[in-house]
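*Asks:* Input structure32.csv, format and content: CSV, N, CA and C atoms.
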chain,number,residue,atom,x,y,z
A,338,MET,N,-1.4,4.5,-2.7
A,338,MET,CA,-0.5,4.6,-3.8
A,338,MET,C,-1.1,4.0,-5.1
A,339,TYR,N,-1.8,2.8,-5.0
A,339,TYR,CA,-2.4,2.2,-6.1
A,339,TYR,C,-3.4,3.2,-6.8
A,340,CYS,N,-4.2,3.9,-6.0
A,340,CYS,CA,-5.2,4.8,-6.6
A,340,CYS,C,-4.5,6.0,-7.2
A,341,GLY,N,-3.5,6.5,-6.6
A,341,GLY,CA,-2.7,7.6,-7.1
A,341,GLY,C,-2.1,7.3,-8.5
A,342,ILE,N,-1.5,6.1,-8.6
A,342,ILE,CA,-0.9,5.7,-9.9
A,342,ILE,C,-2.0,5.6,-10.9
A,343,ASN,N,-3.1,5.0,-10.6
A,343,ASN,CA,-4.2,4.9,-11.6
A,343,ASN,C,-4.8,6.2,-12.0
A,344,VAL,N,-4.9,7.1,-11.0
A,344,VAL,CA,-5.5,8.4,-11.3
A,344,VAL,C,-4.6,9.1,-12.3
A,345,VAL,N,-3.3,9.1,-12.1
A,345,VAL,CA,-2.3,9.8,-13.0
A,345,VAL,C,-2.4,9.1,-14.3
A,346,ARG,N,-2.4,7.8,-14.4
A,346,ARG,CA,-2.4,7.1,-15.7
A,346,ARG,C,-3.7,7.5,-16.4
A,347,ARG,N,-4.8,7.6,-15.7
A,347,ARG,CA,-6.1,7.9,-16.4
A,347,ARG,C,-6.1,9.3,-17.0
A,348,VAL,N,-5.5,10.3,-16.2
A,348,VAL,CA,-5.4,11.7,-16.7
A,348,VAL,C,-4.6,11.7,-18.0
A,349,TYR,N,-3.7,10.9,-18.2
A,349,TYR,CA,-2.9,10.8,-19.4
A,349,TYR,C,-3.4,9.8,-20.4
A,350,GLY,N,-4.6,9.3,-20.2
A,350,GLY,CA,-5.3,8.4,-21.2
A,350,GLY,C,-4.7,7.0,-21.3
A,351,LEU,N,-4.0,6.6,-20.2
A,351,LEU,CA,-3.4,5.3,-20.1
A,351,LEU,C,-4.4,4.3,-19.4
A,352,GLY,N,-4.2,3.0,-19.7
A,352,GLY,CA,-5.0,2.0,-19.0
A,352,GLY,C,-4.6,1.9,-17.6
A,353,PHE,N,-5.5,1.4,-16.8
A,353,PHE,CA,-5.2,1.2,-15.4
A,353,PHE,C,-4.3,0.0,-15.2
A,354,VAL,N,-3.7,-0.1,-14.1
A,354,VAL,CA,-2.9,-1.3,-13.7
A,354,VAL,C,-3.6,-1.9,-12.5
A,355,ARG,N,-3.6,-3.2,-12.5
A,355,ARG,CA,-4.3,-3.9,-11.4
A,355,ARG,C,-3.3,-4.5,-10.4
A,356,GLY,N,-3.7,-4.6,-9.2
A,356,GLY,CA,-2.9,-5.2,-8.2
A,356,GLY,C,-2.6,-6.7,-8.5
A,357,SER,N,-1.4,-7.1,-8.3
A,357,SER,CA,-0.9,-8.4,-8.6
A,357,SER,C,-0.3,-9.1,-7.3
A,358,ILE,N,-0.8,-10.2,-6.9
A,358,ILE,CA,-0.3,-10.8,-5.7
A,358,ILE,C,1.2,-11.2,-5.9
A,359,PRO,N,1.5,-11.8,-7.0
A,359,PRO,CA,3.0,-12.2,-7.2
A,359,PRO,C,3.9,-10.9,-7.2
A,360,LEU,N,3.4,-9.8,-7.9
A,360,LEU,CA,4.2,-8.6,-7.9
A,360,LEU,C,4.3,-8.0,-6.5
A,361,ASN,N,3.2,-8.1,-5.7
A,361,ASN,CA,3.3,-7.6,-4.3
A,361,ASN,C,4.3,-8.4,-3.5
A,362,ARG,N,4.3,-9.7,-3.7
A,362,ARG,CA,5.3,-10.6,-3.1
A,362,ARG,C,6.7,-10.2,-3.5
A,363,SER,N,6.9,-10.0,-4.8
A,363,SER,CA,8.2,-9.7,-5.4
A,363,SER,C,8.7,-8.3,-4.8
A,364,SER,N,7.8,-7.4,-4.8
A,364,SER,CA,8.1,-6.0,-4.3
A,364,SER,C,8.6,-6.1,-2.8
A,365,LEU,N,7.9,-6.9,-2.0
A,365,LEU,CA,8.2,-7.1,-0.6
A,365,LEU,C,9.6,-7.7,-0.5
A,366,MET,N,9.9,-8.7,-1.3
A,366,MET,CA,11.2,-9.4,-1.2
A,366,MET,C,12.3,-8.4,-1.6
A,367,LYS,N,12.0,-7.5,-2.6
A,367,LYS,CA,13.0,-6.5,-3.0
A,367,LYS,C,13.2,-5.5,-1.9
A,368,ALA,N,12.1,-5.1,-1.3
A,368,ALA,CA,12.2,-4.1,-0.2
A,368,ALA,C,13.1,-4.7,1.0
A,369,ASP,N,12.8,-5.9,1.3
A,369,ASP,CA,13.6,-6.6,2.4
A,369,ASP,C,15.1,-6.6,2.0
A,370,ALA,N,15.4,-7.0,0.8
A,370,ALA,CA,16.8,-7.0,0.4
A,370,ALA,C,17.4,-5.6,0.4
A,371,VAL,N,16.7,-4.6,-0.1
A,371,VAL,CA,17.2,-3.2,-0.1
A,371,VAL,C,17.4,-2.8,1.4
A,372,ARG,N,16.6,-3.1,2.2
A,372,ARG,CA,16.7,-2.7,3.6
A,372,ARG,C,18.0,-3.4,4.2
A,373,ARG,N,18.2,-4.6,3.9
A,373,ARG,CA,19.4,-5.3,4.4
A,373,ARG,C,20.7,-4.9,3.8
A,374,CYS,N,20.7,-4.7,2.4
A,374,CYS,CA,22.0,-4.6,1.7
A,374,CYS,C,22.2,-3.2,1.1
A,375,GLY,N,21.2,-2.3,1.1
A,375,GLY,CA,21.4,-1.0,0.5
A,375,GLY,C,20.5,-0.7,-0.6
A,376,PHE,N,20.4,0.6,-0.9
A,376,PHE,CA,19.4,1.1,-1.9
A,376,PHE,C,20.0,0.8,-3.3
A,377,SER,N,19.3,-0.2,-4.0
A,377,SER,CA,19.8,-0.6,-5.3
A,377,SER,C,18.7,-1.4,-6.0
A,378,HIS,N,18.7,-1.4,-7.3
A,378,HIS,CA,17.8,-2.3,-8.0
A,378,HIS,C,18.3,-3.8,-8.0
A,379,THR,N,19.6,-3.9,-7.6
A,379,THR,CA,20.2,-5.2,-7.5
A,379,THR,C,20.9,-5.4,-6.1
A,380,PRO,N,20.1,-5.3,-5.0
A,380,PRO,CA,20.7,-5.3,-3.7
A,380,PRO,C,21.3,-6.7,-3.4
A,381,CYS,N,22.3,-6.7,-2.6
A,381,CYS,CA,22.9,-8.0,-2.1
A,381,CYS,C,23.5,-8.7,-3.3
A,382,GLY,N,23.7,-8.0,-4.5
A,382,GLY,CA,24.3,-8.6,-5.6
A,382,GLY,C,23.3,-9.5,-6.4
A,383,MET,N,22.1,-9.5,-6.1
A,383,MET,CA,21.1,-10.3,-6.8
A,383,MET,C,20.8,-9.8,-8.2
A,384,ALA,N,20.4,-10.7,-9.1
A,384,ALA,CA,20.0,-10.3,-10.4
A,384,ALA,C,18.7,-9.5,-10.3
A,385,PHE,N,18.5,-8.5,-11.2
A,385,PHE,CA,17.3,-7.7,-11.2
A,385,PHE,C,16.0,-8.5,-11.2
A,386,SER,N,16.0,-9.6,-12.0
A,386,SER,CA,14.8,-10.4,-12.2
A,386,SER,C,14.6,-11.4,-11.0
A,387,ARG,N,15.5,-11.5,-10.1
A,387,ARG,CA,15.4,-12.6,-9.1
A,387,ARG,C,14.1,-12.6,-8.3
A,388,THR,N,13.7,-11.5,-7.8
A,388,THR,CA,12.5,-11.5,-6.9
A,388,THR,C,11.3,-11.7,-7.8
A,389,PHE,N,11.3,-11.2,-9.1
A,389,PHE,CA,10.1,-11.5,-10.0
A,389,PHE,C,10.0,-13.0,-10.2
A,390,LYS,N,11.1,-13.7,-10.4
A,390,LYS,CA,11.1,-15.1,-10.6
A,390,LYS,C,10.7,-15.9,-9.3
A,391,GLN,N,11.3,-15.5,-8.1
A,391,GLN,CA,11.0,-16.2,-6.9
A,391,GLN,C,9.5,-16.0,-6.5
A,392,ALA,N,8.9,-14.9,-6.9
A,392,ALA,CA,7.5,-14.7,-6.5
A,392,ALA,C,6.6,-15.3,-7.5
A,393,GLY,N,7.1,-15.9,-8.6
A,393,GLY,CA,6.2,-16.6,-9.5
A,393,GLY,C,5.6,-15.7,-10.6
A,394,TYR,N,6.2,-14.5,-10.8
A,394,TYR,CA,5.7,-13.7,-11.8
A,394,TYR,C,6.2,-14.0,-13.2
A,395,LEU,N,7.4,-14.5,-13.3
A,395,LEU,CA,8.0,-14.9,-14.6
A,395,LEU,C,7.6,-16.3,-15.0
A,396,PRO,N,7.4,-16.5,-16.3
A,396,PRO,CA,7.8,-15.7,-17.4
A,396,PRO,C,6.7,-14.6,-17.6
A,397,ALA,N,7.2,-13.5,-18.2
A,397,ALA,CA,6.4,-12.3,-18.5
A,397,ALA,C,7.0,-11.6,-19.7
A,398,HIS,N,6.1,-10.9,-20.4
A,398,HIS,CA,6.6,-10.2,-21.6
A,398,HIS,C,7.5,-9.0,-21.2
A,399,ALA,N,7.2,-8.4,-20.1
A,399,ALA,CA,7.9,-7.2,-19.6
A,399,ALA,C,7.7,-7.0,-18.1
A,400,PHE,N,8.7,-6.5,-17.5
A,400,PHE,CA,8.6,-6.2,-16.1
A,400,PHE,C,9.6,-5.1,-15.7
A,401,GLY,N,9.3,-4.3,-14.7
A,401,GLY,CA,10.2,-3.1,-14.3
A,401,GLY,C,9.8,-2.7,-12.9
A,402,GLU,N,10.6,-1.7,-12.5
A,402,GLU,CA,10.4,-1.2,-11.1
A,402,GLU,C,10.8,0.2,-10.9
A,403,ASN,N,10.2,0.8,-9.9
A,403,ASN,CA,10.7,2.1,-9.4
A,403,ASN,C,10.9,1.9,-7.9
A,404,LEU,N,12.0,2.5,-7.4
A,404,LEU,CA,12.3,2.5,-6.0
A,404,LEU,C,12.4,4.0,-5.5
A,405,ALA,N,12.1,4.2,-4.3
A,405,ALA,CA,12.2,5.5,-3.6
A,405,ALA,C,12.3,5.3,-2.1
A,406,TRP,N,13.0,6.3,-1.5
A,406,TRP,CA,13.0,6.4,-0.1
A,406,TRP,C,13.0,7.8,0.3
A,407,GLY,N,12.4,8.1,1.5
A,407,GLY,CA,12.4,9.5,2.0
A,407,GLY,C,12.2,9.4,3.5
A,408,GLN,N,12.6,10.5,4.1
A,408,GLN,CA,12.5,10.6,5.6
A,408,GLN,C,11.3,11.6,5.9
A,409,GLY,N,10.5,11.2,6.9
A,409,GLY,CA,9.4,12.0,7.2
A,409,GLY,C,8.4,12.2,6.1
A,410,GLU,N,8.0,13.5,5.9
A,410,GLU,CA,7.0,13.8,4.8
A,410,GLU,C,7.6,13.4,3.4
A,411,LEU,N,8.9,13.4,3.3
A,411,LEU,CA,9.5,13.1,2.0
A,411,LEU,C,9.2,11.7,1.6
A,412,GLY,N,8.8,10.9,2.5
A,412,GLY,CA,8.5,9.5,2.2
A,412,GLY,C,7.0,9.2,2.1
A,413,SER,N,6.2,10.2,2.1
A,413,SER,CA,4.7,10.0,2.0
A,413,SER,C,4.3,9.5,0.6
A,414,PRO,N,3.2,8.9,0.5
A,414,PRO,CA,2.8,8.4,-0.9
A,414,PRO,C,2.7,9.5,-1.9
A,415,LEU,N,2.1,10.7,-1.5
A,415,LEU,CA,2.0,11.8,-2.5
A,415,LEU,C,3.3,12.3,-2.9
A,416,HIS,N,4.2,12.5,-2.0
A,416,HIS,CA,5.6,13.0,-2.3
A,416,HIS,C,6.3,12.1,-3.2
A,417,THR,N,6.2,10.8,-2.8
A,417,THR,CA,6.9,9.7,-3.6
A,417,THR,C,6.4,9.7,-5.0
A,418,LEU,N,5.1,9.7,-5.2
A,418,LEU,CA,4.5,9.7,-6.5
A,418,LEU,C,5.0,10.9,-7.3
A,419,GLN,N,5.0,12.1,-6.7
A,419,GLN,CA,5.4,13.3,-7.3
A,419,GLN,C,6.9,13.2,-7.7
A,420,LEU,N,7.7,12.7,-6.8
A,420,LEU,CA,9.1,12.5,-7.1
A,420,LEU,C,9.3,11.6,-8.4
A,421,TRP,N,8.6,10.5,-8.5
A,421,TRP,CA,8.7,9.7,-9.7
A,421,TRP,C,8.2,10.4,-10.9
A,422,LEU,N,7.1,11.2,-10.8
A,422,LEU,CA,6.6,11.9,-12.0
A,422,LEU,C,7.6,13.0,-12.4
A,423,ASN,N,8.4,13.6,-11.5
A,423,ASN,CA,9.3,14.6,-11.8
A,423,ASN,C,10.7,14.1,-12.3
A,424,SER,N,10.9,12.8,-12.3
A,424,SER,CA,12.1,12.1,-12.8
A,424,SER,C,11.8,11.5,-14.1
A,425,PRO,N,12.5,11.9,-15.2
A,425,PRO,CA,12.1,11.4,-16.5
A,425,PRO,C,12.2,9.8,-16.6
A,426,PRO,N,13.2,9.2,-16.1
A,426,PRO,CA,13.2,7.7,-16.3
A,426,PRO,C,12.1,7.0,-15.4
A,427,HIS,N,11.8,7.6,-14.2
A,427,HIS,CA,10.8,7.0,-13.4
A,427,HIS,C,9.4,7.3,-14.0
A,428,ARG,N,9.2,8.5,-14.5
A,428,ARG,CA,8.0,8.8,-15.1
A,428,ARG,C,7.7,7.9,-16.3
A,429,ALA,N,8.7,7.7,-17.1
A,429,ALA,CA,8.6,6.9,-18.3
A,429,ALA,C,8.1,5.5,-17.9
A,430,ASN,N,8.7,5.0,-16.8
A,430,ASN,CA,8.3,3.7,-16.3
A,430,ASN,C,6.9,3.6,-15.8
A,431,LEU,N,6.6,4.6,-15.0
A,431,LEU,CA,5.2,4.8,-14.5
A,431,LEU,C,4.2,4.9,-15.6
A,432,MET,N,4.5,5.6,-16.7
A,432,MET,CA,3.5,5.9,-17.7
A,432,MET,C,3.6,4.9,-18.9
A,433,ALA,N,4.4,3.9,-18.8
A,433,ALA,CA,4.5,2.9,-19.9
A,433,ALA,C,3.1,2.3,-20.2
A,434,ARG,N,2.8,2.3,-21.5
A,434,ARG,CA,1.5,1.7,-21.9
A,434,ARG,C,1.4,0.2,-21.7
A,435,ARG,N,2.5,-0.4,-21.8
A,435,ARG,CA,2.5,-1.9,-21.7
A,435,ARG,C,2.1,-2.5,-20.4
A,436,TRP,N,2.3,-1.8,-19.3
A,436,TRP,CA,2.0,-2.4,-18.0
A,436,TRP,C,0.5,-2.7,-17.8
A,437,ARG,N,0.3,-3.9,-17.2
A,437,ARG,CA,-1.0,-4.3,-16.8
A,437,ARG,C,-1.2,-4.6,-15.3
A,438,ASP,N,0.0,-5.0,-14.7
A,438,ASP,CA,0.0,-5.5,-13.4
A,438,ASP,C,0.9,-4.6,-12.5
A,439,LEU,N,0.6,-4.5,-11.2
A,439,LEU,CA,1.3,-3.6,-10.3
A,439,LEU,C,1.4,-4.3,-9.0
A,440,GLY,N,2.6,-4.2,-8.4
A,440,GLY,CA,2.8,-4.6,-7.0
A,440,GLY,C,3.6,-3.5,-6.3
A,441,ILE,N,3.2,-3.3,-5.0
A,441,ILE,CA,3.8,-2.3,-4.2
A,441,ILE,C,4.2,-2.8,-2.8
A,442,ALA,N,5.4,-2.4,-2.4
A,442,ALA,CA,5.8,-2.7,-1.0
A,442,ALA,C,6.2,-1.4,-0.4
A,443,TYR,N,5.8,-1.3,0.9
A,443,TYR,CA,6.2,-0.1,1.7
A,443,TYR,C,6.7,-0.6,3.0
A,444,GLU,N,7.9,-0.1,3.4
A,444,GLU,CA,8.5,-0.4,4.7
A,444,GLU,C,8.9,0.9,5.3
A,445,SER,N,8.8,1.0,6.6
A,445,SER,CA,9.2,2.2,7.3
A,445,SER,C,10.0,1.8,8.6
A,446,GLY,N,10.8,2.8,9.0
A,446,GLY,CA,11.6,2.6,10.2
A,446,GLY,C,13.0,3.1,10.1
A,447,HIS,N,13.9,2.5,10.8
A,447,HIS,CA,15.3,2.9,10.8
A,447,HIS,C,16.0,2.2,9.6
A,448,MET,N,16.4,3.0,8.6
A,448,MET,CA,17.1,2.4,7.4
A,448,MET,C,18.1,3.4,7.0
A,449,PHE,N,19.2,2.9,6.3
A,449,PHE,CA,20.2,3.8,5.7
A,449,PHE,C,20.8,4.7,6.8
A,450,GLY,N,20.9,4.3,8.0
A,450,GLY,CA,21.4,5.1,9.1
A,450,GLY,C,20.6,6.3,9.6
A,451,ARG,N,19.3,6.2,9.2
A,451,ARG,CA,18.3,7.3,9.6
A,451,ARG,C,17.1,6.7,10.2
A,452,ASP,N,16.4,7.5,11.1
A,452,ASP,CA,15.1,7.1,11.6
A,452,ASP,C,14.0,7.7,10.7
A,453,GLY,N,12.8,7.1,10.8
A,453,GLY,CA,11.7,7.7,10.1
A,453,GLY,C,11.7,7.6,8.6
A,454,VAL,N,12.4,6.6,8.1
A,454,VAL,CA,12.5,6.4,6.7
A,454,VAL,C,11.4,5.6,6.1
A,455,ALA,N,10.9,6.0,5.0
A,455,ALA,CA,9.9,5.2,4.2
A,455,ALA,C,10.6,4.7,3.0
A,456,LEU,N,10.4,3.4,2.7
A,456,LEU,CA,11.0,2.8,1.5
A,456,LEU,C,9.8,2.3,0.6
A,457,TRP,N,9.8,2.6,-0.6
A,457,TRP,CA,8.8,2.2,-1.6
A,457,TRP,C,9.4,1.4,-2.7
A,458,VAL,N,8.8,0.3,-3.0
A,458,VAL,CA,9.2,-0.5,-4.2
A,458,VAL,C,7.9,-0.7,-5.0
A,459,MET,N,7.9,-0.3,-6.2
A,459,MET,CA,6.8,-0.4,-7.1
A,459,MET,C,7.3,-1.2,-8.3
A,460,GLN,N,6.6,-2.3,-8.6
A,460,GLN,CA,7.0,-3.2,-9.7
A,460,GLN,C,5.8,-3.3,-10.6
A,461,PHE,N,6.1,-3.2,-11.9
A,461,PHE,CA,5.1,-3.3,-13.0
A,461,PHE,C,5.4,-4.6,-13.8
A,462,GLY,N,4.4,-5.1,-14.5
A,462,GLY,CA,4.6,-6.2,-15.4
A,462,GLY,C,3.5,-6.3,-16.4
A,463,GLN,N,3.8,-7.1,-17.4
A,463,GLN,CA,2.8,-7.5,-18.4
A,463,GLN,C,3.0,-9.0,-18.7
A,464,ARG,N,2.1,-9.8,-18.4
A,464,ARG,CA,2.2,-11.2,-18.7
A,464,ARG,C,1.6,-11.6,-20.0
A,465,ARG,N,0.7,-10.8,-20.5
A,465,ARG,CA,0.0,-11.2,-21.8
A,465,ARG,C,0.8,-10.9,-23.0
Show me the file's structure as structure tokens.
*Replies:*
Amino acid sequence: MYCGINVVRRVYGLGFVRGSIPLNRSSLMKADAVRRCGFSHTPCGMAFSRTFKQAGYLPAHAFGENLAWGQGELGSPLHTLQLWLNSPPHRANLMARRWRDLGIAYESGHMFGRDGVALWVMQFGQRR
């Protein structure tokens, strides 16, 4: 997924995003909350910024995220990336020039009452 995101950004003349340990941690915390409480950017009633703060990424100039889930092939990295690129708000987030850092979490299994579900959390940020 990291490579796919950077390939797409490069095709459009955008800078690459680098992996971030705090954003990976934040993404995993968000994925765990989504799995427990439902598909939302604010699962379990938590503030959007909560996992960014808990993971030590804040303060930052900007931060954002894309979420996706799919069953079977619909949850594959390529399909998920294409889904985000075909959705104007997700595409705008993915292609934002300001992003420098990237964290990704992937979980799979029984979720949302279905088997074979893949859950993706992609978080972007800029600390500088």
*Asks:* In Å, how far is it from atom CA of A:Gly446 to atom CA of A:Lys367?
*Replies:*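 Computing the Euclidean distance for atom CA of A:Gly446 and atom CA of A:Lys367 yields 16.1 Å.
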*Asks:* Could you check how far atom N of A:Pro396 sits from atom CA of A:Leu360, in Å to one decimal?
*Replies:*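 So the two atoms, atom N of A:Pro396 and atom CA of A:Leu360, lie 12.0 Å apart.
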*Asks:* In terms of the shortest atom-to-atom distance over all atoms listed in the file, which of A:Trp457, A:Lys390, A:Phe400, A:Cys340 is closest to A:Thr417?
*Replies:*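 Closest to A:Thr417, using all atoms listed in the file: A:Trp457.
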*Asks:* Stretch 419-421 of chain A: which residues within 8 Å, counting only C-alpha atoms, same-chain residues fewer than 4 positions away excluded, as a list in words?
*Replies:* Asn403, Leu415, Pro425, His427, Arg428 and Leu431 of chain A
*Asks:* Could you tell me which of A:Gly350, A:Tyr339, A:Ala368, A:His416 comes closest to A:Glu444 if we count all atoms listed in the file?
*Replies:*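 Under the stated criterion, the closest residue is A:Ala368.
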*Asks:* Counting only N, CA and C atoms, which of A:Ile342, A:Ala392, A:Met448, A:Ala399 gets nearest to A:Phe461?
*Replies:*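 Between A:Ile342, A:Ala392, A:Met448, A:Ala399, the residue approaching A:Phe461 most closely is A:Ala399.
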*Asks:* Counting only N, CA and C atoms, which residues come within 7 Å of (2.2, 1.9, -5.5), with the point read in the file's coordinates, and could you list them as a list in words?
*Replies:*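 Residues satisfying the cut-off, written out: Met338, Tyr339, Cys340, Ile342, Gly440, Ile441, Ala442, Val458, Met459 and Gln460 of chain A.
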*Asks:* Would you mind completing stretch 437-457 of chain A to N, CA, C and O atoms and writing the output as a CSV table (one decimal), in the coordinates of the input?
*Replies:*
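Final output, saved to rebuild-v3.csv:
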chain,number,residue,atom,x,y,z
A,437,ARG,N,0.3,-3.9,-17.2
A,437,ARG,CA,-1.0,-4.3,-16.8
A,437,ARG,C,-1.2,-4.6,-15.3
A,437,ARG,O,-2.2,-4.5,-14.8
A,438,ASP,N,0.0,-5.0,-14.7
A,438,ASP,CA,0.0,-5.5,-13.4
A,438,ASP,C,0.9,-4.6,-12.5
A,438,ASP,O,1.9,-4.0,-13.0
A,439,LEU,N,0.6,-4.5,-11.2
A,439,LEU,CA,1.3,-3.6,-10.3
A,439,LEU,C,1.4,-4.3,-9.0
A,439,LEU,O,0.5,-4.9,-8.4
A,440,GLY,N,2.6,-4.2,-8.4
A,440,GLY,CA,2.8,-4.6,-7.0
A,440,GLY,C,3.6,-3.5,-6.3
A,440,GLY,O,4.4,-2.8,-6.8
A,441,ILE,N,3.2,-3.3,-5.0
A,441,ILE,CA,3.8,-2.3,-4.2
A,441,ILE,C,4.2,-2.8,-2.8
A,441,ILE,O,3.4,-3.5,-2.2
A,442,ALA,N,5.4,-2.4,-2.4
A,442,ALA,CA,5.8,-2.7,-1.0
A,442,ALA,C,6.2,-1.4,-0.4
A,442,ALA,O,6.8,-0.5,-1.0
A,443,TYR,N,5.8,-1.3,0.9
A,443,TYR,CA,6.2,-0.1,1.7
A,443,TYR,C,6.7,-0.6,3.0
A,443,TYR,O,6.1,-1.5,3.7
A,444,GLU,N,7.9,-0.1,3.4
A,444,GLU,CA,8.5,-0.4,4.7
A,444,GLU,C,8.9,0.9,5.3
A,444,GLU,O,9.3,1.8,4.6
A,445,SER,N,8.8,1.0,6.6
A,445,SER,CA,9.2,2.2,7.3
A,445,SER,C,10.0,1.8,8.6
A,445,SER,O,9.8,0.8,9.1
A,446,GLY,N,10.8,2.8,9.0
A,446,GLY,CA,11.6,2.6,10.2
A,446,GLY,C,13.0,3.1,10.1
A,446,GLY,O,13.2,4.1,9.3
A,447,HIS,N,13.9,2.5,10.8
A,447,HIS,CA,15.3,2.9,10.8
A,447,HIS,C,16.0,2.2,9.6
A,447,HIS,O,16.1,1.0,9.6
A,448,MET,N,16.4,3.0,8.6
A,448,MET,CA,17.1,2.4,7.4
A,448,MET,C,18.1,3.4,7.0
A,448,MET,O,18.0,4.6,7.2
A,449,PHE,N,19.2,2.9,6.3
A,449,PHE,CA,20.2,3.8,5.7
A,449,PHE,C,20.8,4.7,6.8
A,449,PHE,O,21.1,5.9,6.4
A,450,GLY,N,20.9,4.3,8.0
A,450,GLY,CA,21.4,5.1,9.1
A,450,GLY,C,20.6,6.3,9.6
A,450,GLY,O,21.0,7.2,10.2
A,451,ARG,N,19.3,6.2,9.2
A,451,ARG,CA,18.3,7.3,9.6
A,451,ARG,C,17.1,6.7,10.2
A,451,ARG,O,16.6,5.6,9.8
A,452,ASP,N,16.4,7.5,11.1
A,452,ASP,CA,15.1,7.1,11.6
A,452,ASP,C,14.0,7.7,10.7
A,452,ASP,O,14.2,8.7,10.0
A,453,GLY,N,12.8,7.1,10.8
A,453,GLY,CA,11.7,7.7,10.1
A,453,GLY,C,11.7,7.6,8.6
A,453,GLY,O,11.2,8.5,7.9
A,454,VAL,N,12.4,6.6,8.1
A,454,VAL,CA,12.5,6.4,6.7
A,454,VAL,C,11.4,5.6,6.1
A,454,VAL,O,11.0,4.6,6.7
A,455,ALA,N,10.9,6.0,5.0
A,455,ALA,CA,9.9,5.2,4.2
A,455,ALA,C,10.6,4.7,3.0
A,455,ALA,O,11.2,5.4,2.3
A,456,LEU,N,10.4,3.4,2.7
A,456,LEU,CA,11.0,2.8,1.5
A,456,LEU,C,9.8,2.3,0.6
A,456,LEU,O,8.9,1.6,1.1
A,457,TRP,N,9.8,2.6,-0.6
A,457,TRP,CA,8.8,2.2,-1.6
A,457,TRP,C,9.4,1.4,-2.7
A,457,TRP,O,10.4,1.8,-3.3
